[in-house]
There are 2 protein chains.
Amino acid sequence: MKTVITYGTFDMFHVGHLRLFKRMRELGERVIVAVSTDEFNALKGKQAVIPYEERYEIIAALKCVDLIIPETCWEQKVIDIREYDVDVFVMGSDWSGKFDFLLPYCRVVYLPRTLDISTSSLKESIRSPRVAFNV
Amino acid sequence: MKTVITYGTFDMFHVGHLRLFKRMRELGERVIVAVSTDEFNALKGKQAVIPYEERYEIIAALKCVDLIIPETCWEQKVIDIREYDVDVFVMGSDWSGKFDFLLPYCRVVYLPRTLDISTSSLKESIRSPRVAFNV
């Protein structure tokens, strides 16, 4: 059984997140999602709109995800890969090359974004609906 | 087997939607969600941020939902209740009393909102982050 993992905040859940998880499922039988805690995001200078517990609860309700773990620090990836016997580490292609340091431990795959959707673009379309919808 | 149905747009999917579906599951074994199409929303003078296909895809990915159908007109509820052999019709308590005309056909339950979250409040917090987060 192949295990596939990814990491992220997954704020304001959208179909881009879901399709990433579905594509992970094509790479293996067990899909693990590490969800950044609010405390870790604060360390990174980020603040999610949706609190950790709710981001976690939504991902936990998905058929295509088998296990969710908290992402609490930068250093945990190698530990997680060993602990959960991970075969494939997945990130979006906007991170291309940034996680090649994990190559000694598992396969590293950067998946292209298939959609013109992101949490940032979603926020922008809510802030400027006329620009987003009436053109 | 009891069948439970609800109707809505479910724009910008959040934990309030998810918890509604989970509570429906407590009322029966088969949960049907009727998702308003973009065309029906236009008739109502509403426009969702997220297009129908993506709202549908997210709800279809949930463990707690068994069937999704499109909501395309005001008149379909009685037809759906008969066609899908619905036992319980569920709406949020902000609609209290508005669907009592369905009582001859099935049980009608208005579930209280358990969370201070809605698509509207989510949009507001994105438009005015300082007000929402820094107080």
# chains A, B, ... in the order shown; residues from 1 in each chain; ligands from 1
>>> closest_atom_pairs(of="chain A", to="chain B", cutoff="8 Å", atoms="only C-alpha atoms", output="JSON lines")
{"residue": "A:Met12", "atom": "CA", "partner": "B:Met12", "partner_atom": "CA", "distance": 7.1}
{"residue": "A:Phe13", "atom": "CA", "partner": "B:Phe13", "partner_atom": "CA", "distance": 6.4}
{"residue": "A:His14", "atom": "CA", "partner": "B:Phe13", "partner_atom": "CA", "distance": 7.2}
{"residue": "A:Val15", "atom": "CA", "partner": "B:Glu54", "partner_atom": "CA", "distance": 6.0}
{"residue": "A:Leu18", "atom": "CA", "partner": "B:Ile58", "partner_atom": "CA", "distance": 7.1}
{"residue": "A:Val49", "atom": "CA", "partner": "B:Ile126", "partner_atom": "CA", "distance": 7.4}
{"residue": "A:Glu54", "atom": "CA", "partner": "B:Val15", "partner_atom": "CA", "distance": 6.0}
{"residue": "A:Arg55", "atom": "CA", "partner": "B:Val15", "partner_atom": "CA", "distance": 8.0}
{"residue": "A:Glu57", "atom": "CA", "partner": "B:Val15", "partner_atom": "CA", "distance": 7.3}
{"residue": "A:Ile58", "atom": "CA", "partner": "B:Val15", "partner_atom": "CA", "distance": 6.3}
{"residue": "A:Ala61", "atom": "CA", "partner": "B:Leu62", "partner_atom": "CA", "distance": 5.6}
{"residue": "A:Leu62", "atom": "CA", "partner": "B:Leu62", "partner_atom": "CA", "distance": 4.6}
{"residue": "A:Lys63", "atom": "CA", "partner": "B:Lys63", "partner_atom": "CA", "distance": 5.2}
{"residue": "A:Cys64", "atom": "CA", "partner": "B:Ala61", "partner_atom": "CA", "distance": 7.3}
{"residue": "A:Lys123", "atom": "CA", "partner": "B:Ile126", "partner_atom": "CA", "distance": 6.5}
{"residue": "A:Ser125", "atom": "CA", "partner": "B:Val49", "partner_atom": "CA", "distance": 7.6}
{"residue": "A:Ile126", "atom": "CA", "partner": "B:Lys123", "partner_atom": "CA", "distance": 6.5}
{"residue": "A:Arg127", "atom": "CA", "partner": "B:Arg127", "partner_atom": "CA", "distance": 5.4}
>>> select_by_dssp(residues="region 2-117 of chain A", states="alpha helix (DSSP H)", output="ChimeraX atom specification")
/A:15-27,38-43,52-60,76-83
>>> write_last_selection(atoms="N, CA and C atoms", output="tab-separated table (two decimals), in the first residue's frame")
chain	number	residue	atom	x	y	z
A	15	VAL	N	-12.63	23.80	-4.44
A	15	VAL	CA	-12.48	22.62	-5.27
A	15	VAL	C	-11.03	22.36	-5.68
A	16	GLY	N	-10.19	23.39	-5.65
A	16	GLY	CA	-8.77	23.20	-5.93
A	16	GLY	C	-8.12	22.30	-4.88
A	17	HIS	N	-8.48	22.51	-3.60
A	17	HIS	CA	-8.00	21.63	-2.52
A	17	HIS	C	-8.49	20.20	-2.77
A	18	LEU	N	-9.78	20.09	-3.03
A	18	LEU	CA	-10.37	18.76	-3.21
A	18	LEU	C	-9.71	18.00	-4.36
A	19	ARG	N	-9.48	18.69	-5.46
A	19	ARG	CA	-8.89	18.00	-6.63
A	19	ARG	C	-7.45	17.61	-6.37
A	20	LEU	N	-6.74	18.39	-5.56
A	20	LEU	CA	-5.39	17.98	-5.14
A	20	LEU	C	-5.47	16.65	-4.39
A	21	PHE	N	-6.40	16.54	-3.45
A	21	PHE	CA	-6.52	15.30	-2.67
A	21	PHE	C	-6.93	14.12	-3.56
A	22	LYS	N	-7.82	14.40	-4.52
A	22	LYS	CA	-8.23	13.32	-5.43
A	22	LYS	C	-7.06	12.85	-6.29
A	23	ARG	N	-6.21	13.78	-6.71
A	23	ARG	CA	-5.04	13.39	-7.51
A	23	ARG	C	-4.03	12.63	-6.65
A	24	MET	N	-3.95	12.98	-5.37
A	24	MET	CA	-3.09	12.21	-4.47
A	24	MET	C	-3.56	10.75	-4.41
A	25	ARG	N	-4.86	10.58	-4.37
A	25	ARG	CA	-5.44	9.23	-4.30
A	25	ARG	C	-5.03	8.40	-5.53
A	26	GLU	N	-4.82	9.07	-6.64
A	26	GLU	CA	-4.37	8.35	-7.84
A	26	GLU	C	-2.92	7.88	-7.71
A	27	LEU	N	-2.18	8.52	-6.79
A	27	LEU	CA	-0.76	8.17	-6.59
A	27	LEU	C	-0.56	7.11	-5.51
A	38	ASP	N	-3.20	27.03	13.57
A	38	ASP	CA	-3.21	28.50	13.62
A	38	ASP	C	-1.92	29.03	14.23
A	39	GLU	N	-1.38	28.30	15.20
A	39	GLU	CA	-0.13	28.73	15.85
A	39	GLU	C	1.03	28.68	14.87
A	40	PHE	N	1.10	27.64	14.05
A	40	PHE	CA	2.18	27.54	13.06
A	40	PHE	C	2.03	28.64	12.01
A	41	ASN	N	0.77	28.90	11.58
A	41	ASN	CA	0.56	30.00	10.63
A	41	ASN	C	0.99	31.34	11.21
A	42	ALA	N	0.73	31.54	12.50
A	42	ALA	CA	1.15	32.79	13.14
A	42	ALA	C	2.68	32.92	13.10
A	43	LEU	N	3.38	31.80	13.31
A	43	LEU	CA	4.85	31.80	13.20
A	43	LEU	C	5.30	32.22	11.80
A	52	TYR	N	-8.32	26.50	12.66
A	52	TYR	CA	-7.79	25.16	12.44
A	52	TYR	C	-8.84	24.07	12.62
A	53	GLU	N	-9.59	24.11	13.71
A	53	GLU	CA	-10.53	23.04	14.02
A	53	GLU	C	-11.56	22.85	12.91
A	54	GLU	N	-11.98	23.96	12.30
A	54	GLU	CA	-12.98	23.86	11.23
A	54	GLU	C	-12.34	23.42	9.92
A	55	ARG	N	-11.11	23.87	9.65
A	55	ARG	CA	-10.42	23.41	8.44
A	55	ARG	C	-10.19	21.89	8.54
A	56	TYR	N	-9.83	21.45	9.74
A	56	TYR	CA	-9.62	20.02	10.01
A	56	TYR	C	-10.93	19.25	9.81
A	57	GLU	N	-12.01	19.75	10.37
A	57	GLU	CA	-13.28	19.02	10.34
A	57	GLU	C	-13.77	18.81	8.91
A	58	ILE	N	-13.60	19.81	8.06
A	58	ILE	CA	-14.04	19.68	6.67
A	58	ILE	C	-13.22	18.61	5.94
A	59	ILE	N	-11.91	18.64	6.11
A	59	ILE	CA	-11.06	17.66	5.40
A	59	ILE	C	-11.33	16.25	5.94
A	60	ALA	N	-11.61	16.17	7.24
A	60	ALA	CA	-11.91	14.86	7.85
A	60	ALA	C	-13.21	14.27	7.31
A	76	GLN	N	9.01	18.99	10.83
A	76	GLN	CA	8.37	17.71	11.07
A	76	GLN	C	8.29	16.79	9.85
A	77	LYS	N	8.57	17.30	8.66
A	77	LYS	CA	8.29	16.51	7.45
A	77	LYS	C	9.07	15.19	7.40
A	78	VAL	N	10.37	15.26	7.68
A	78	VAL	CA	11.17	14.03	7.63
A	78	VAL	C	10.67	13.04	8.69
A	79	ILE	N	10.35	13.55	9.85
A	79	ILE	CA	9.82	12.69	10.94
A	79	ILE	C	8.51	12.04	10.50
A	80	ASP	N	7.61	12.84	9.91
A	80	ASP	CA	6.32	12.30	9.45
A	80	ASP	C	6.52	11.23	8.38
A	81	ILE	N	7.43	11.50	7.45
A	81	ILE	CA	7.65	10.56	6.33
A	81	ILE	C	8.08	9.20	6.88
A	82	ARG	N	8.93	9.24	7.93
A	82	ARG	CA	9.37	7.97	8.53
A	82	ARG	C	8.25	7.35	9.35
A	83	GLU	N	7.59	8.16	10.17
A	83	GLU	CA	6.56	7.64	11.09
A	83	GLU	C	5.39	7.03	10.34
>>> atom_distance(atom1="CA of Ser93 (chain A)", atom2="CA of Arg113 (chain A)")
6.7 Å
>>> atom_distance(atom1="CA of Ile69 (chain A)", atom2="CA of Gly45 (chain A)")
21.0 Å
>>> atom_distance(atom1="CA of Val90 (chain A)", atom2="CA of Phe10 (chain B)")
28.9 Å
>>> decode(residues="region 92-120 of chain B", atoms="N, CA and C atoms", output="PDB file, in the first residue's frame")
ATOM      1  N   GLY B  92     -32.690  25.133   7.757  1.00  0.00           N
ATOM      2  CA  GLY B  92     -32.200  25.882   8.908  1.00  0.00           C
ATOM      3  C   GLY B  92     -33.334  26.645   9.565  1.00  0.00           C
ATOM      4  N   SER B  93     -33.193  26.935  10.864  1.00  0.00           N
ATOM      5  CA  SER B  93     -34.303  27.524  11.613  1.00  0.00           C
ATOM      6  C   SER B  93     -34.575  28.971  11.194  1.00  0.00           C
ATOM      7  N   ASP B  94     -33.678  29.556  10.378  1.00  0.00           N
ATOM      8  CA  ASP B  94     -33.985  30.885   9.838  1.00  0.00           C
ATOM      9  C   ASP B  94     -35.156  30.804   8.839  1.00  0.00           C
ATOM     10  N   TRP B  95     -35.504  29.603   8.400  1.00  0.00           N
ATOM     11  CA  TRP B  95     -36.649  29.377   7.518  1.00  0.00           C
ATOM     12  C   TRP B  95     -37.865  28.862   8.284  1.00  0.00           C
ATOM     13  N   SER B  96     -37.840  28.958   9.604  1.00  0.00           N
ATOM     14  CA  SER B  96     -38.878  28.362  10.443  1.00  0.00           C
ATOM     15  C   SER B  96     -40.305  28.704   9.976  1.00  0.00           C
ATOM     16  N   GLY B  97     -41.097  27.662   9.769  1.00  0.00           N
ATOM     17  CA  GLY B  97     -42.492  27.840   9.364  1.00  0.00           C
ATOM     18  C   GLY B  97     -42.695  27.966   7.871  1.00  0.00           C
ATOM     19  N   LYS B  98     -41.662  28.349   7.147  1.00  0.00           N
ATOM     20  CA  LYS B  98     -41.804  28.657   5.705  1.00  0.00           C
ATOM     21  C   LYS B  98     -42.094  27.413   4.848  1.00  0.00           C
ATOM     22  N   PHE B  99     -41.809  26.248   5.393  1.00  0.00           N
ATOM     23  CA  PHE B  99     -42.021  25.037   4.586  1.00  0.00           C
ATOM     24  C   PHE B  99     -43.057  24.095   5.206  1.00  0.00           C
ATOM     25  N   ASP B 100     -43.905  24.675   6.082  1.00  0.00           N
ATOM     26  CA  ASP B 100     -44.935  23.854   6.714  1.00  0.00           C
ATOM     27  C   ASP B 100     -45.955  23.333   5.698  1.00  0.00           C
ATOM     28  N   PHE B 101     -45.989  23.939   4.499  1.00  0.00           N
ATOM     29  CA  PHE B 101     -46.915  23.440   3.460  1.00  0.00           C
ATOM     30  C   PHE B 101     -46.513  22.037   2.972  1.00  0.00           C
ATOM     31  N   LEU B 102     -45.296  21.593   3.388  1.00  0.00           N
ATOM     32  CA  LEU B 102     -44.872  20.231   3.009  1.00  0.00           C
ATOM     33  C   LEU B 102     -45.319  19.180   4.026  1.00  0.00           C
ATOM     34  N   LEU B 103     -45.924  19.633   5.139  1.00  0.00           N
ATOM     35  CA  LEU B 103     -46.312  18.704   6.213  1.00  0.00           C
ATOM     36  C   LEU B 103     -47.244  17.568   5.773  1.00  0.00           C
ATOM     37  N   PRO B 104     -48.100  17.796   4.763  1.00  0.00           N
ATOM     38  CA  PRO B 104     -48.920  16.644   4.311  1.00  0.00           C
ATOM     39  C   PRO B 104     -48.094  15.533   3.665  1.00  0.00           C
ATOM     40  N   TYR B 105     -46.845  15.843   3.297  1.00  0.00           N
ATOM     41  CA  TYR B 105     -46.048  14.878   2.525  1.00  0.00           C
ATOM     42  C   TYR B 105     -44.960  14.186   3.341  1.00  0.00           C
ATOM     43  N   CYS B 106     -44.421  14.890   4.366  1.00  0.00           N
ATOM     44  CA  CYS B 106     -43.345  14.305   5.176  1.00  0.00           C
ATOM     45  C   CYS B 106     -43.167  15.132   6.452  1.00  0.00           C
ATOM     46  N   ARG B 107     -42.270  14.670   7.320  1.00  0.00           N
ATOM     47  CA  ARG B 107     -41.920  15.441   8.519  1.00  0.00           C
ATOM     48  C   ARG B 107     -41.102  16.660   8.076  1.00  0.00           C
ATOM     49  N   VAL B 108     -41.304  17.796   8.707  1.00  0.00           N
ATOM     50  CA  VAL B 108     -40.545  19.017   8.383  1.00  0.00           C
ATOM     51  C   VAL B 108     -39.794  19.446   9.639  1.00  0.00           C
ATOM     52  N   VAL B 109     -38.480  19.533   9.538  1.00  0.00           N
ATOM     53  CA  VAL B 109     -37.643  19.859  10.703  1.00  0.00           C
ATOM     54  C   VAL B 109     -36.818  21.103  10.401  1.00  0.00           C
ATOM     55  N   TYR B 110     -36.878  22.079  11.296  1.00  0.00           N
ATOM     56  CA  TYR B 110     -36.032  23.268  11.174  1.00  0.00           C
ATOM     57  C   TYR B 110     -34.903  23.146  12.193  1.00  0.00           C
ATOM     58  N   LEU B 111     -33.695  22.978  11.708  1.00  0.00           N
ATOM     59  CA  LEU B 111     -32.570  22.777  12.623  1.00  0.00           C
ATOM     60  C   LEU B 111     -31.947  24.116  12.988  1.00  0.00           C
ATOM     61  N   PRO B 112     -31.747  24.343  14.292  1.00  0.00           N
ATOM     62  CA  PRO B 112     -31.119  25.602  14.700  1.00  0.00           C
ATOM     63  C   PRO B 112     -29.679  25.675  14.203  1.00  0.00           C
ATOM     64  N   ARG B 113     -29.254  26.859  13.814  1.00  0.00           N
ATOM     65  CA  ARG B 113     -27.842  27.050  13.478  1.00  0.00           C
ATOM     66  C   ARG B 113     -27.025  26.878  14.745  1.00  0.00           C
ATOM     67  N   THR B 114     -26.036  26.012  14.674  1.00  0.00           N
ATOM     68  CA  THR B 114     -25.258  25.728  15.875  1.00  0.00           C
ATOM     69  C   THR B 114     -24.028  26.606  15.980  1.00  0.00           C
ATOM     70  N   LEU B 115     -23.740  27.329  14.906  1.00  0.00           N
ATOM     71  CA  LEU B 115     -22.482  28.076  14.845  1.00  0.00           C
ATOM     72  C   LEU B 115     -22.736  29.505  14.424  1.00  0.00           C
ATOM     73  N   ASP B 116     -21.891  30.367  14.863  1.00  0.00           N
ATOM     74  CA  ASP B 116     -21.950  31.746  14.397  1.00  0.00           C
ATOM     75  C   ASP B 116     -21.173  31.855  13.085  1.00  0.00           C
ATOM     76  N   ILE B 117     -21.609  31.035  12.116  1.00  0.00           N
ATOM     77  CA  ILE B 117     -20.930  31.087  10.817  1.00  0.00           C
ATOM     78  C   ILE B 117     -21.957  30.954   9.707  1.00  0.00           C
ATOM     79  N   SER B 118     -21.763  31.721   8.660  1.00  0.00           N
ATOM     80  CA  SER B 118     -22.622  31.647   7.490  1.00  0.00           C
ATOM     81  C   SER B 118     -21.792  32.161   6.328  1.00  0.00           C
ATOM     82  N   THR B 119     -22.267  31.886   5.106  1.00  0.00           N
ATOM     83  CA  THR B 119     -21.553  32.408   3.938  1.00  0.00           C
ATOM     84  C   THR B 119     -21.491  33.925   4.009  1.00  0.00           C
ATOM     85  N   SER B 120     -22.582  34.554   4.475  1.00  0.00           N
ATOM     86  CA  SER B 120     -22.601  36.015   4.561  1.00  0.00           C
ATOM     87  C   SER B 120     -21.557  36.536   5.545  1.00  0.00           C
TER      88      SER B 120
END
